[in-house]
Each structure stands twice: as structure tokens, then as C-alpha cells.
file start.cif (mmCIF, C-alpha atoms and all ligand atoms)
data_input
loop_
_atom_site.label_atom_id
_atom_site.label_comp_id
_atom_site.auth_asym_id
_atom_site.auth_seq_id
_atom_site.Cartn_x
_atom_site.Cartn_y
_atom_site.Cartn_z
CA MET A 24 8.62 -5.63 -8.68
CA SER A 25 10.64 -8.53 -7.55
CA PRO A 26 10.76 -11.57 -9.74
CA PHE A 27 10.27 -13.79 -6.75
CA SER A 28 7.01 -12.21 -5.70
CA ALA A 29 4.51 -14.86 -6.50
CA ARG A 30 1.41 -13.91 -8.36
CA ARG A 31 -1.41 -14.68 -6.09
CA SER A 32 -4.35 -16.45 -7.51
CA GLY A 33 -7.45 -14.31 -7.47
CA SER A 34 -9.01 -16.90 -5.12
CA ASN A 35 -12.74 -16.40 -5.16
CA SER A 36 -12.59 -12.98 -6.77
CA LYS A 37 -13.82 -13.10 -10.29
CA PRO A 38 -13.97 -9.52 -11.35
CA GLY A 39 -17.18 -8.97 -13.17
CA ALA A 40 -18.77 -12.21 -11.97
CA SER A 41 -21.47 -10.57 -9.86
CA ASP A 42 -23.51 -7.39 -10.08
CA GLU A 43 -21.46 -5.82 -7.29
CA PRO A 44 -18.62 -3.75 -8.63
CA PRO A 45 -15.44 -5.56 -7.57
CA GLY A 46 -13.04 -4.18 -5.05
CA VAL A 47 -14.97 -1.99 -2.65
CA THR A 48 -13.42 -3.15 0.61
CA ASP A 49 -9.66 -3.42 1.16
CA ASP A 50 -9.85 -7.20 0.96
CA GLY A 51 -12.00 -6.98 -2.15
CA ILE A 52 -9.50 -4.66 -3.81
CA ILE A 53 -6.54 -6.87 -2.93
CA GLN A 54 -8.31 -9.94 -4.27
CA ALA A 55 -9.56 -8.27 -7.40
CA VAL A 56 -6.09 -7.22 -8.53
CA ALA A 57 -3.91 -10.03 -7.15
CA ALA A 58 -3.81 -12.19 -10.24
CA HIS A 59 -2.65 -9.22 -12.35
CA SER A 60 0.08 -7.96 -10.03
CA PHE A 61 3.67 -8.67 -9.14
CA LEU A 62 3.06 -7.04 -5.78
CA ASP A 63 2.61 -9.40 -2.90
CA GLU A 64 -0.16 -8.82 -0.41
CA GLU A 65 1.98 -6.85 2.02
CA ARG A 66 3.05 -4.30 -0.56
CA ALA A 67 -0.45 -4.07 -2.01
CA ARG A 68 -1.94 -3.43 1.43
CA SER A 69 0.69 -0.83 2.14
CA LEU A 70 -0.10 1.00 -1.10
CA LEU A 71 -3.78 0.90 -0.30
CA ALA A 72 -3.18 2.17 3.23
CA ILE A 73 -1.17 5.07 1.84
CA ALA A 74 -4.01 5.97 -0.52
CA ARG A 75 -6.41 5.83 2.41
CA GLN A 76 -4.13 7.96 4.54
CA LEU A 77 -4.14 10.62 1.84
CA ASP A 78 -7.94 10.50 1.78
CA ASP A 79 -8.21 10.66 5.55
CA GLU A 80 -5.94 13.66 5.69
CA GLY A 81 -7.60 15.38 2.73
CA VAL A 82 -4.41 15.52 0.67
CA ALA A 83 -5.53 16.39 -2.86
CA GLY A 84 -3.69 15.21 -5.96
CA ASN A 85 -3.51 12.45 -8.50
CA PHE A 86 -2.01 8.98 -8.47
CA VAL A 87 0.82 8.41 -10.93
CA GLU A 88 2.27 4.99 -11.56
CA LEU A 89 5.39 4.22 -13.56
CA GLY A 90 5.60 0.52 -14.23
CA VAL A 91 2.21 -1.01 -14.90
CA ALA A 92 2.95 -4.45 -16.40
CA ARG A 93 -0.38 -6.32 -16.37
CA GLY A 94 -2.21 -3.63 -14.44
CA GLY A 95 -2.43 -5.05 -10.91
CA SER A 96 -1.28 -2.08 -8.87
CA ALA A 97 -2.86 0.21 -11.46
CA GLY A 98 -6.18 -1.49 -10.69
CA LEU A 99 -5.57 -1.06 -6.99
CA LEU A 100 -4.95 2.64 -7.48
CA GLY A 101 -8.00 2.94 -9.72
CA LEU A 102 -10.21 1.27 -7.11
CA ALA A 103 -8.69 3.43 -4.37
CA ALA A 104 -9.40 6.51 -6.49
CA ARG A 105 -12.98 5.37 -7.05
CA ARG A 106 -13.71 5.20 -3.33
CA SER A 107 -11.81 8.37 -2.51
CA PRO A 108 -13.86 11.39 -1.45
CA ILE A 109 -11.27 13.51 -3.27
CA PRO A 110 -11.39 13.56 -7.08
CA ARG A 111 -8.29 11.78 -8.35
CA ARG A 112 -7.11 10.57 -11.73
CA VAL A 113 -4.64 7.76 -12.27
CA TRP A 114 -1.78 8.23 -14.74
CA LEU A 115 -0.19 5.06 -16.04
CA PHE A 116 3.22 5.03 -17.68
CA ASP A 117 4.68 1.93 -19.29
CA SER A 118 6.30 0.75 -22.48
CA PHE A 119 3.56 -1.89 -22.47
CA GLU A 120 6.16 -4.17 -24.01
CA GLY A 121 8.19 -5.05 -20.93
CA LEU A 122 11.35 -3.90 -19.19
CA PRO A 123 14.12 -2.28 -21.18
CA GLU A 124 17.72 -3.46 -20.87
CA PRO A 125 19.35 -2.72 -17.52
CA THR A 126 22.79 -1.11 -17.31
CA GLU A 127 25.91 -1.80 -15.29
CA ARG A 128 24.52 0.31 -12.47
CA ASP A 129 21.83 -2.31 -11.97
CA GLY A 130 24.40 -4.93 -11.06
CA ALA A 131 25.08 -8.51 -11.92
CA GLU A 132 21.74 -9.89 -10.82
CA ALA A 133 19.89 -7.57 -13.17
CA ALA A 134 22.21 -8.55 -16.01
CA ALA A 135 21.56 -12.21 -15.29
CA TYR A 136 17.83 -11.55 -15.17
CA ALA A 137 18.01 -9.77 -18.52
CA GLY A 138 19.92 -12.60 -20.14
CA PRO A 139 23.20 -12.62 -22.08
CA ARG A 140 24.22 -9.49 -24.03
CA ARG A 141 21.17 -7.62 -22.88
CA ALA A 142 22.46 -5.32 -20.18
CA GLY A 143 23.50 -2.48 -22.45
CA GLY A 144 20.86 0.02 -21.37
CA GLN A 145 19.13 0.14 -24.74
CA LEU A 146 15.46 0.90 -24.96
CA LEU A 147 14.69 -2.57 -26.22
CA THR A 148 12.44 -4.94 -24.38
CA ILE A 149 14.06 -7.83 -22.54
CA GLU A 150 10.64 -9.44 -22.57
CA ARG A 151 10.23 -9.46 -18.83
CA CYS A 152 7.17 -8.07 -17.05
CA VAL A 153 5.26 -7.66 -20.26
CA GLY A 154 1.70 -6.41 -20.15
CA THR A 155 0.16 -5.02 -23.30
CA LEU A 156 -1.95 -1.90 -23.32
CA ASP A 157 -4.90 -4.00 -24.45
CA THR A 158 -4.53 -6.43 -21.54
CA VAL A 159 -4.34 -3.59 -19.06
CA ARG A 160 -7.26 -1.63 -20.51
CA THR A 161 -9.45 -4.74 -20.59
CA PHE A 162 -8.56 -5.55 -17.01
CA LEU A 163 -9.19 -2.05 -15.67
CA LEU A 164 -12.21 -1.07 -17.71
CA ASP A 165 -13.99 -4.39 -18.28
CA ALA A 166 -12.99 -6.70 -15.45
CA LEU A 167 -12.76 -4.07 -12.71
CA ARG A 168 -15.39 -1.88 -14.37
CA LEU A 169 -13.57 1.32 -13.62
CA PRO A 170 -14.59 4.38 -15.60
CA ALA A 171 -12.32 5.15 -18.55
CA GLN A 172 -12.03 8.76 -17.45
CA THR A 173 -10.25 7.65 -14.26
CA PHE A 174 -7.15 6.79 -16.30
CA GLU A 175 -4.60 8.49 -18.49
CA PHE A 176 -2.50 5.91 -20.32
CA VAL A 177 0.95 7.02 -21.39
CA PRO A 178 2.40 4.23 -23.52
CA GLY A 179 6.09 4.44 -24.48
CA TRP A 180 9.54 4.50 -22.91
CA PHE A 181 9.75 6.89 -19.98
CA GLN A 182 12.81 8.38 -21.66
CA ASP A 183 10.60 9.45 -24.58
CA MET A 184 7.45 10.34 -22.68
CA LEU A 185 8.56 12.04 -19.47
CA PRO A 186 10.53 14.98 -20.86
CA THR A 187 7.41 16.50 -22.42
CA PHE A 188 4.94 15.36 -19.77
CA ASP A 189 2.96 18.19 -18.29
CA ALA A 190 2.65 16.65 -14.84
CA PRO A 191 -0.44 17.22 -12.69
CA PRO A 192 -0.18 17.62 -8.89
CA ILE A 193 0.73 14.17 -7.58
CA ALA A 194 -0.44 12.84 -4.21
CA LEU A 195 0.96 9.36 -4.72
CA LEU A 196 3.87 8.55 -6.99
CA HIS A 197 4.25 4.80 -7.37
CA ILE A 198 7.53 3.89 -9.02
CA ASP A 199 7.70 0.22 -9.94
CA ALA A 200 10.20 0.31 -12.76
CA ASP A 201 13.13 -1.78 -11.48
CA TRP A 202 16.19 -0.22 -13.15
CA TYR A 203 18.42 2.68 -12.19
CA ASP A 204 17.79 4.72 -15.34
CA SER A 205 14.03 4.32 -15.17
CA VAL A 206 13.72 5.07 -11.46
CA ARG A 207 16.12 8.00 -11.61
CA LEU A 208 14.26 9.58 -14.51
CA CYS A 209 10.93 9.22 -12.68
CA LEU A 210 12.38 10.97 -9.62
CA ASP A 211 14.14 13.66 -11.65
CA ARG A 212 11.02 14.50 -13.62
CA LEU A 213 8.21 13.94 -11.14
CA TYR A 214 9.41 14.44 -7.57
CA ASP A 215 8.88 18.19 -7.81
CA HIS A 216 5.25 17.61 -8.77
CA VAL A 217 4.52 15.59 -5.64
CA VAL A 218 2.41 17.78 -3.38
CA PRO A 219 3.37 18.50 0.24
CA ALA A 220 2.44 15.46 2.35
CA GLY A 221 2.31 13.34 -0.82
CA TYR A 222 3.99 9.95 -0.92
CA VAL A 223 6.70 8.49 -3.11
CA VAL A 224 6.63 4.70 -3.11
CA LEU A 225 9.51 2.65 -4.50
CA ASP A 226 8.42 -0.90 -5.09
CA ASP A 227 11.87 -2.30 -5.84
CA TYR A 228 13.97 -0.55 -3.22
CA GLY A 229 14.86 -3.69 -1.32
CA TYR A 230 15.24 -5.88 -4.35
CA TRP A 231 17.09 -4.18 -7.19
CA GLU A 232 20.27 -2.32 -6.35
CA GLY A 233 19.76 0.12 -9.24
CA CYS A 234 16.54 1.32 -7.66
CA ARG A 235 18.27 1.94 -4.33
CA LYS A 236 21.17 3.75 -5.98
CA ALA A 237 18.82 5.89 -8.04
CA PHE A 238 16.91 7.02 -4.97
CA HIS A 239 19.95 7.77 -2.80
CA GLU A 240 21.86 9.54 -5.55
CA PHE A 241 18.81 11.63 -6.33
CA ALA A 242 18.30 12.50 -2.65
CA ALA A 243 22.01 13.31 -2.20
CA GLU A 244 22.18 15.54 -5.26
CA ARG A 245 19.14 17.47 -4.11
CA ALA A 246 20.36 17.47 -0.49
CA LEU A 247 16.95 16.12 0.47
CA ASP A 248 16.51 15.11 4.05
CA VAL A 249 14.29 12.11 3.44
CA SER A 250 13.61 9.17 5.63
CA LEU A 251 12.35 5.96 4.17
CA VAL A 252 9.90 3.52 5.67
CA ARG A 253 10.53 -0.07 4.65
CA VAL A 254 7.68 -2.45 3.99
CA GLY A 255 8.72 -6.08 3.88
CA SER A 256 11.88 -6.82 1.96
CA CYS A 257 11.07 -4.84 -1.19
CA GLN A 258 8.98 -1.72 -0.86
CA ALA A 259 10.05 1.56 0.69
CA TYR A 260 8.30 4.88 0.82
CA THR A 261 8.85 8.42 1.84
CA ARG A 262 6.57 11.32 2.46
CA LYS A 263 7.28 14.72 1.10
CA GLY A 264 7.83 17.54 3.50
CA ARG A 265 6.92 15.58 6.56
CA SER A 266 8.20 12.58 8.47
CA PRO A 267 6.47 9.52 7.17
CA LEU A 268 4.10 7.85 9.55
CA PRO A 269 5.13 4.45 10.82
CA PRO A 270 4.30 1.61 8.44
CA PRO A 271 0.61 0.95 8.13
CA ILE A 272 -0.34 -1.54 10.75
CA ASP A 273 -3.81 -2.44 9.64
CA ARG A 274 -5.80 -2.60 6.48
CA GLY A 275 -5.91 1.09 5.82
CA VAL A 276 -8.75 1.99 8.16
CA ALA A 277 -6.61 4.61 9.84
CA ILE A 278 -6.30 2.55 12.98
CA ARG A 279 -3.93 5.04 14.55
CA THR A 280 -6.47 7.80 14.15
CA LYS A 281 -9.16 5.57 15.60
CA VAL A 282 -7.02 4.71 18.61
CA VAL A 283 -6.01 8.28 19.30
CA ASP A 284 -9.61 9.50 18.89
CA ALA A 285 -11.04 6.74 21.05
CA LEU A 286 -8.63 7.44 23.89
CA ARG A 287 -9.26 11.16 23.63
CA LEU A 288 -13.05 10.95 23.39
CA PHE A 289 -13.78 8.20 25.88
CA GLY A 290 -10.72 8.11 28.11
CA PRO A 291 -8.46 5.08 28.55
CA GLU A 292 -10.72 3.56 31.18
CA ARG A 293 -13.59 3.17 28.64
CA VAL A 294 -11.68 1.85 25.60
CA MET A 295 -11.17 -1.81 24.80
CA PHE A 296 -9.39 -3.32 21.85
CA TYR A 297 -10.41 -6.44 20.06
CA GLY A 298 -7.82 -8.77 18.63
CA ALA A 299 -4.30 -9.02 17.44
CA GLY A 300 -1.40 -8.75 19.83
CA ARG A 301 0.83 -7.82 16.92
CA GLU A 302 -1.16 -4.68 16.11
CA PHE A 303 -1.35 -3.75 19.76
CA ALA A 304 2.42 -4.12 20.10
CA ALA A 305 2.95 -2.01 16.95
CA LEU A 306 0.77 0.75 18.39
CA CYS A 307 2.77 0.67 21.63
CA GLU A 308 6.06 0.69 19.75
CA ALA A 309 4.95 3.63 17.66
CA GLY A 310 4.10 5.49 20.85
CA TYR A 311 0.35 5.70 20.35
CA LEU A 312 -0.44 3.91 23.59
CA ASP A 313 1.04 1.79 26.30
CA GLY A 314 -0.39 -1.24 28.00
CA ARG A 315 -1.89 0.82 30.79
CA SER A 316 -3.62 3.38 28.61
CA THR A 317 -6.53 1.09 27.91
CA LEU A 318 -9.18 -0.84 29.75
CA GLY A 319 -7.97 -4.04 28.15
CA VAL A 320 -7.78 -6.22 25.09
CA ILE A 321 -10.38 -8.77 24.09
CA ASP A 322 -9.00 -11.89 22.52
CA ASP A 323 -10.66 -15.20 21.75
CA ASP A 324 -7.62 -16.89 23.23
CA PRO A 325 -6.00 -14.68 25.90
CA SER A 326 -3.40 -17.36 26.66
CA ARG A 327 -1.62 -16.73 23.33
CA TRP A 328 -0.46 -13.35 24.58
CA GLY A 329 2.11 -15.25 26.66
CA ALA A 330 3.08 -15.16 30.30
CA GLU A 331 6.19 -13.02 29.93
CA ARG A 332 4.40 -9.74 29.18
CA GLY A 333 5.91 -6.83 31.11
CA HIS A 334 4.34 -4.99 34.01
CA ASP A 335 2.66 -2.46 31.72
CA ALA A 336 1.06 -5.12 29.53
CA PRO A 337 -2.64 -4.72 28.96
CA LEU A 338 -5.29 -6.82 30.58
CA VAL A 339 -6.22 -9.49 28.04
CA ILE A 340 -9.56 -11.17 28.48
CA ALA A 341 -11.95 -13.46 26.65
CA PRO A 342 -15.03 -11.88 25.02
CA GLU A 343 -17.51 -13.06 27.64
CA ALA A 344 -15.44 -11.48 30.41
CA ALA A 345 -15.38 -8.11 28.62
CA ARG A 346 -19.03 -7.36 29.44
CA SER A 347 -18.37 -6.72 33.10
CA LEU A 348 -15.78 -4.05 32.26
CA ARG A 349 -18.40 -1.85 30.57
CA PRO A 350 -16.35 -0.38 27.72
CA ALA A 351 -17.80 2.59 25.87
CA VAL A 352 -16.05 1.65 22.65
CA ILE A 353 -14.41 -1.44 21.20
CA VAL A 354 -11.71 -0.63 18.67
CA VAL A 355 -10.97 -3.51 16.31
CA THR A 356 -7.24 -3.66 15.73
CA ALA A 357 -6.83 -7.02 14.04
CA SER A 358 -5.30 -6.82 10.60
CA GLY A 359 -5.89 -10.42 9.54
CA CYS A 360 -9.51 -11.67 9.56
CA TRP A 361 -10.68 -8.13 10.18
CA ASP A 362 -14.21 -8.74 8.92
CA ARG A 363 -14.69 -11.74 11.19
CA ILE A 364 -13.38 -10.00 14.27
CA TYR A 365 -15.35 -6.88 13.50
CA ARG A 366 -18.55 -9.00 13.30
CA GLN A 367 -17.69 -10.70 16.58
CA ALA A 368 -17.15 -7.32 18.22
CA VAL A 369 -20.54 -6.09 16.98
CA GLU A 370 -22.22 -9.24 18.28
CA LEU A 371 -20.49 -8.90 21.62
CA ALA A 372 -21.46 -5.23 21.89
CA ALA A 373 -25.09 -6.17 21.21
CA THR A 374 -25.09 -8.44 24.27
CA MET A 375 -23.83 -5.73 26.60
CA PRO A 376 -26.28 -4.07 28.95
CA HIS A 377 -25.24 -0.56 27.87
CA ARG A 378 -24.51 1.16 24.58
CA VAL A 379 -21.11 0.25 23.16
CA GLU A 380 -19.69 1.62 19.95
CA VAL A 381 -17.62 -0.60 17.69
CA TRP A 382 -14.95 1.16 15.64
C1 LIG B 1 7.61 -4.86 -12.31
S1 LIG B 1 6.75 -4.29 -13.59
C2 LIG B 1 5.42 -3.39 -12.86
C3 LIG B 1 4.52 -4.25 -12.02
C4 LIG B 1 3.15 -3.68 -11.73
N1 LIG B 1 3.21 -2.46 -10.99
C5 LIG B 1 2.28 -4.70 -11.04
O1 LIG B 1 1.34 -4.34 -10.30
O2 LIG B 1 2.46 -5.90 -11.26
C6 LIG B 1 7.79 -3.08 -14.24
C7 LIG B 1 7.25 -2.35 -15.42
O3 LIG B 1 8.05 -1.20 -15.65
C8 LIG B 1 8.06 -0.94 -17.04
N2 LIG B 1 9.26 -0.12 -17.31
C9 LIG B 1 10.43 -0.12 -16.65
N3 LIG B 1 11.27 0.79 -17.16
C10 LIG B 1 10.60 1.42 -18.16
C11 LIG B 1 10.91 2.49 -19.03
N4 LIG B 1 12.11 3.07 -19.02
N5 LIG B 1 9.97 2.90 -19.91
C12 LIG B 1 8.75 2.29 -19.95
N6 LIG B 1 8.38 1.27 -19.14
C13 LIG B 1 9.30 0.85 -18.24
C14 LIG B 1 8.08 -2.30 -17.67
O4 LIG B 1 7.52 -2.29 -18.96
C15 LIG B 1 7.25 -3.15 -16.70
O5 LIG B 1 5.93 -3.31 -17.14
#
call {"tool": "encode", "arguments": {"input": "start.cif", "output": "C-alpha cells"}}
result
Amino acid sequence: MSPFSARRSGSNSKPGASDEPPGVTDDGIIQAVAAHSFLDEERARSLLAIARQLDDEGVAGNFVELGVARGGSAGLLGLAARRSPIPRRVWLFDSFEGLPEPTERDGAEAAAYAGPRRAGGQLLTIERCVGTLDTVRTFLLDALRLPAQTFEFVPGWFQDMLPTFDAPPIALLHIDADWYDSVRLCLDRLYDHVVPAGYVVLDDYGYWEGCRKAFHEFAAERALDVSLVRVGSCQAYTRKGRSPLPPPIDRGVAIRTKVVDALRLFGPERVMFYGAGREFAALCEAGYLDGRSTLGVIDDDPSRWGAERGHDAPLVIAPEAARSLRPAVIVVTASGCWDRIYRQAVELAATMPHRVEVW
């Protein structure tokens, strides 16, 4: 968590307000949990994309979160588990009475955040990030309507609970516990239970120095060769036993897989992309394609791609011009407004004289 990360209002998501279970789509999940989470949208989307990646790759294992507060990211993990084709349970560790005191290793900012005379490392709440077990259970089980059997609640200080915890195989370890002692203990006790290709996500890496120290000291002591992927200014993650993929560049719909598959199945001369120069650039940067390995990019406003694009830039055209190029597939790469652009792509495909798939 980072104290600056604004709680987003739930906007029009009122969990439980309709007959539809909340949080089926990525956007729905993000909205349904936003008001209960310290995570900003970028970190929430990243967590969701990681869960999806594990599903897509068939990596079995449970989700374990340490640092639940009011249950926002726990809800996200619960909703991700519900839509997963792989059976997963979600383990939730928290004091459910707020953060304990930091120590000197957490630095001056943490001490200031804790308040005077409260940086002694005692297992006493500093009354920050408080979410009671009742609040969290009500949110997960009543508001989000997730089945009780999805969750294992482990209330108490990690220092008391982790030493005797019989850990299950972990596909996703989400550590959102701020302080050196807490983060270090989570890594010491649980890293070995993360399955090959599982992820370890540190929510506070960029924000609290104790979290960074804990991770690097742990990695150094174990002589682990880990690389971290940074997401925004706070989150970082690593993948066990394998180089992490580049940061998720869309809303968890495995865009990279779609792009690679589309190019392989149809050939570059039959694939068009719809939307989002940023995502296209990220795919190029990550080496999944270059400007010439595609028929072109459809954009409502081709002029915003700029005049200074290099010689291998893609052809960027308006939707109506795309028809004459006869794509076999349109891959939607936009990350913002995905639903709208996806609908537009479907409508466009319907007006084409031949069959066009929309991915
Ligand atoms: C930033 S909050 C978690 C935010 C949450 N993931 C969300 O979605 O908003 C950090 C949580 O870690 C818990 N925590 C940190 N260290 C702990 C420890 N040693 N034992 C138990 N709980 C701890 C605190 O109680 C607090 O709820």
C-alpha cells in the first residue's frame, strides 16, 4: 500500500445492487473492489493480469495475500479465482486491526507515518490501514457474493500465525504488508511454497524502503537470481523459476498471446490491430512485432499517431478505410475503453464483404 494511493470511488458499481454477480469482467472486478482497496487502478489491473496469465498458462496453485486491510485486493483475488478454470482458494492473512509498529529499518518516513514513539517494532497496532475481519467478510461474502469456501481467513500477527502455517502450493503470493519485518517474514516462510512459474507481487516495493530492503536482503541471502518488473511507482513483481514477462499491457486478456497467435495463424498480411498506439508501441518494444509485421492499425483518429513515426511504423488508417485491406482478423489492443473499441471492431467487421474475426 502507499498512503497516497487514493481510494477510488466505486463509481457506478454497487456490489449486490443487481441480480448479476458483481465483477465478472476485468472492469467489473476493478470497479467492484475499488472503494475497499488502497491499490490504485494500475496495480489492481496488474494483479488481475497476473492472475489471468496464470490461468492462461494453466499454472495451478492458490492465491495467498498478506495484508488485507478492508478487503479490496482480496476481493479482486476472490473474483479472479471465481472465474478461473483452475480450482483456487484464497488465503487471507492480516491482524485485522491495522499495521504494527515499524522499526528503524523502515526509515524515517515510516516512523513519521506511525507517529511519535511508535516505531519500536512492537506488535501493537498503529491504527493505520485498519480493516476488521467483519468488514472484510461482509464485503467478500455479502457484497461481492463470493462463496465462503473460496477463502481461508488467518487473523493475527504474521509473526504468530506464519511459523505454524501449513502452506498450500501458491501460484500468486501478494505481499502488501508495508514493513521490513512483515515482508521479510512472508518471504522467508512462503517463497518456497510458490510453485514454479508462480508470481510474487510486492505492493509496496517502490514506496516503503523496508519492503525493498526485505526483498533484496532475502534474495541476496538465498543467492536468488530474480529480476523484478516494476508497475507504476509502487508495485513490483517477480516470477519464480522463469523470467517474468514484460508488464501487462492490456486488461489481462493475454494480448501478447493473441498477437503472436494471430500473426502465426493468419500471417502478418492478414492481421489488423484496432486502437491504442501505446499498446502497439509496447508490443514492438517487447519484441512481439514490429511496424511491418502487420497489415496495419485501425484508429478512429489516425492523425494522433504523429508524423515523426519511423520508417517501420505501421500503416494507420481510419475504420472505413480498413475494409479495402481485407483483414482476416482484427486484434483489439486498446487498454482503455476496451469494451467500446471491441464493439466498434465487431460492427466494422460486420460491414466487411468477407468473414473477419475479432479477437
Ligand atoms: C496496506 S494494507 C493492505 C491493503 C490491501 N491489500 C488493499 O487492497 O487495500 C496493509 C495491511 O497489512 C497488515 N499487516 C502488516 N503487517 C502485518 C503483520 N505483521 N501481521 C498482520 N498484519 C499485518 C495490516 O493490518 C494492513 O491491513
call {"tool": "closest_atom_pairs", "arguments": {"input": "start.cif", "of": "chain A", "to": "ligand LIG 1 (chain B)", "cutoff": "8 Å", "atoms": "all atoms listed in the file", "output": "tab-separated table"}}
result
residue	atom	partner	partner_atom	distance
A:Met24	CA	B:LIG1	C1	3.8
A:Ser25	CA	B:LIG1	C1	6.7
A:Pro26	CA	B:LIG1	C1	7.8
A:His59	CA	B:LIG1	O2	6.2
A:Ser60	CA	B:LIG1	O2	3.4
A:Phe61	CA	B:LIG1	O2	3.7
A:Leu62	CA	B:LIG1	O1	5.5
A:Glu88	CA	B:LIG1	N1	7.5
A:Leu89	CA	B:LIG1	O3	6.4
A:Gly90	CA	B:LIG1	O3	3.3
A:Val91	CA	B:LIG1	C4	4.2
A:Ala92	CA	B:LIG1	O5	3.3
A:Arg93	CA	B:LIG1	O2	5.9
A:Gly94	CA	B:LIG1	O1	5.5
A:Gly95	CA	B:LIG1	O1	3.9
A:Ser96	CA	B:LIG1	O1	3.7
A:Ala97	CA	B:LIG1	O1	6.3
A:Phe116	CA	B:LIG1	N6	6.5
A:Asp117	CA	B:LIG1	N6	3.8
A:Ser118	CA	B:LIG1	C12	3.8
A:Phe119	CA	B:LIG1	O4	5.3
A:Glu120	CA	B:LIG1	O4	5.6
A:Gly121	CA	B:LIG1	O4	3.5
A:Leu122	CA	B:LIG1	C14	3.9
A:Pro123	CA	B:LIG1	N3	5.8
A:Leu146	CA	B:LIG1	N4	7.2
A:Thr148	CA	B:LIG1	O4	7.8
A:Arg151	CA	B:LIG1	C15	7.3
A:Cys152	CA	B:LIG1	O5	4.9
A:Val153	CA	B:LIG1	O5	5.4
A:Gly154	CA	B:LIG1	O5	6.0
A:Pro178	CA	B:LIG1	C12	7.5
A:Gly179	CA	B:LIG1	C12	5.7
A:Trp180	CA	B:LIG1	N5	3.4
A:Phe181	CA	B:LIG1	N5	4.0
A:Gln182	CA	B:LIG1	N4	6.0
A:Ile198	CA	B:LIG1	N1	7.9
A:Asp199	CA	B:LIG1	C2	5.2
A:Ala200	CA	B:LIG1	O3	3.9
A:Asp201	CA	B:LIG1	C9	6.1
A:Trp202	CA	B:LIG1	N3	6.4
A:Asp204	CA	B:LIG1	N4	7.0
A:Ser205	CA	B:LIG1	N4	4.5
A:Val206	CA	B:LIG1	N3	7.5
call {"tool": "closest_residue", "arguments": {"input": "start.cif", "among": "A:Ile52, A:Ala304, A:Cys209, A:Leu167", "to": "A:Leu196", "atoms": "only C-alpha atoms"}}
result
A:Cys209
call {"tool": "residues_around", "arguments": {"input": "start.cif", "residues": "A:Ile340", "least_positions_apart": "6", "cutoff": "10 Å", "atoms": "only C-alpha atoms", "output": "number ranges by chain"}}
result
A: 297, 319-326
call {"tool": "write_last_selection", "arguments": {"input": "start.cif", "atoms": "C-alpha atoms", "output": "mmCIF file, in the coordinates of the input"}}
result
data_model
loop_
_atom_site.group_PDB
_atom_site.id
_atom_site.type_symbol
_atom_site.label_atom_id
_atom_site.label_comp_id
_atom_site.auth_asym_id
_atom_site.auth_seq_id
_atom_site.Cartn_x
_atom_site.Cartn_y
_atom_site.Cartn_z
ATOM 1 C CA TYR A 297 -10.410 -6.440 20.060
ATOM 2 C CA GLY A 319 -7.970 -4.040 28.150
ATOM 3 C CA VAL A 320 -7.780 -6.220 25.090
ATOM 4 C CA ILE A 321 -10.380 -8.770 24.090
ATOM 5 C CA ASP A 322 -9.000 -11.890 22.520
ATOM 6 C CA ASP A 323 -10.660 -15.200 21.750
ATOM 7 C CA ASP A 324 -7.620 -16.890 23.230
ATOM 8 C CA PRO A 325 -6.000 -14.680 25.900
ATOM 9 C CA SER A 326 -3.400 -17.360 26.660
#
call {"tool": "atom_distance", "arguments": {"input": "start.cif", "atom1": "atom CA of A:Gln76", "atom2": "atom CA of A:Arg235"}}
result
24.8 Å
call {"tool": "atom_distance", "arguments": {"input": "start.cif", "atom1": "atom CA of A:Ala220", "atom2": "atom CA of A:Gly264"}}
result
5.9 Å
call {"tool": "atom_distance", "arguments": {"input": "start.cif", "atom1": "atom CA of A:Gly130", "atom2": "atom CA of A:Cys234"}}
result
10.6 Å
call {"tool": "closest_residue", "arguments": {"input": "start.cif", "among": "A:Ser256, A:Gly143, A:Leu99, A:Asp215", "to": "A:Ile73", "atoms": "all atoms listed in the file"}}
result
A:Leu99
call {"tool": "closest_residue", "arguments": {"input": "start.cif", "among": "A:Leu286, A:Leu185, A:Val339, A:Ala305", "to": "A:Val354", "atoms": "all atoms listed in the file"}}
result
A:Leu286
call {"tool": "closest_residue", "arguments": {"input": "start.cif", "among": "A:Leu247, A:Ala285, A:Cys257, A:Ala133", "to": "A:Gly229", "atoms": "only C-alpha atoms"}}
result
A:Cys257
call {"tool": "closest_residue", "arguments": {"input": "start.cif", "among": "A:Lys263, A:Ala368, A:Arg346, A:Ala246", "to": "A:Phe296", "atoms": "only C-alpha atoms"}}
result
A:Ala368
call {"tool": "closest_residue", "arguments": {"input": "start.cif", "among": "A:Gly233, A:Val217, A:Arg293, A:Arg253", "to": "A:Thr126", "atoms": "only C-alpha atoms"}}
result
A:Gly233
call {"tool": "axis_aligned_box", "arguments": {"input": "start.cif", "around": "stretch 77-87 of chain A", "padding_each_side": "8 Å", "output": "lines of an AutoDock Vina configuration file"}}
result
center_x = -3.7
center_y = 12.4
center_z = -2.6
size_x = 25.0
size_y = 24.0
size_z = 32.6
call {"tool": "build_atoms", "arguments": {"input": "start.cif", "residues": "stretch 228-239 of chain A", "atoms": "N, CA and C atoms", "output": "compact mmCIF listing (two decimals), keeping the file's coordinate frame"}}
result
# COMPACT_ATOMS: atom_id res chain seq x y z
N TYR A 228 12.85 -1.06 -4.01
CA TYR A 228 13.97 -0.55 -3.22
C TYR A 228 14.79 -1.68 -2.59
N GLY A 229 14.12 -2.64 -2.01
CA GLY A 229 14.86 -3.69 -1.32
C GLY A 229 15.35 -4.78 -2.25
N TYR A 230 14.90 -4.75 -3.48
CA TYR A 230 15.24 -5.88 -4.35
C TYR A 230 16.32 -5.56 -5.38
N TRP A 231 16.12 -4.50 -6.13
CA TRP A 231 17.09 -4.18 -7.19
C TRP A 231 18.02 -3.07 -6.73
N GLU A 232 19.32 -3.31 -6.86
CA GLU A 232 20.27 -2.32 -6.35
C GLU A 232 20.22 -1.02 -7.15
N GLY A 233 19.85 -1.10 -8.42
CA GLY A 233 19.76 0.12 -9.24
C GLY A 233 18.70 1.06 -8.71
N CYS A 234 17.62 0.50 -8.21
CA CYS A 234 16.54 1.32 -7.66
C CYS A 234 17.03 2.05 -6.42
N ARG A 235 17.72 1.31 -5.55
CA ARG A 235 18.27 1.94 -4.33
C ARG A 235 19.24 3.05 -4.68
N LYS A 236 20.17 2.74 -5.59
CA LYS A 236 21.17 3.75 -5.98
C LYS A 236 20.47 4.98 -6.54
N ALA A 237 19.51 4.76 -7.39
CA ALA A 237 18.82 5.89 -8.04
C ALA A 237 18.21 6.80 -6.98
N PHE A 238 17.56 6.19 -5.99
CA PHE A 238 16.91 7.02 -4.97
C PHE A 238 17.95 7.79 -4.15
N HIS A 239 18.99 7.10 -3.69
CA HIS A 239 19.95 7.77 -2.80
C HIS A 239 20.78 8.80 -3.55
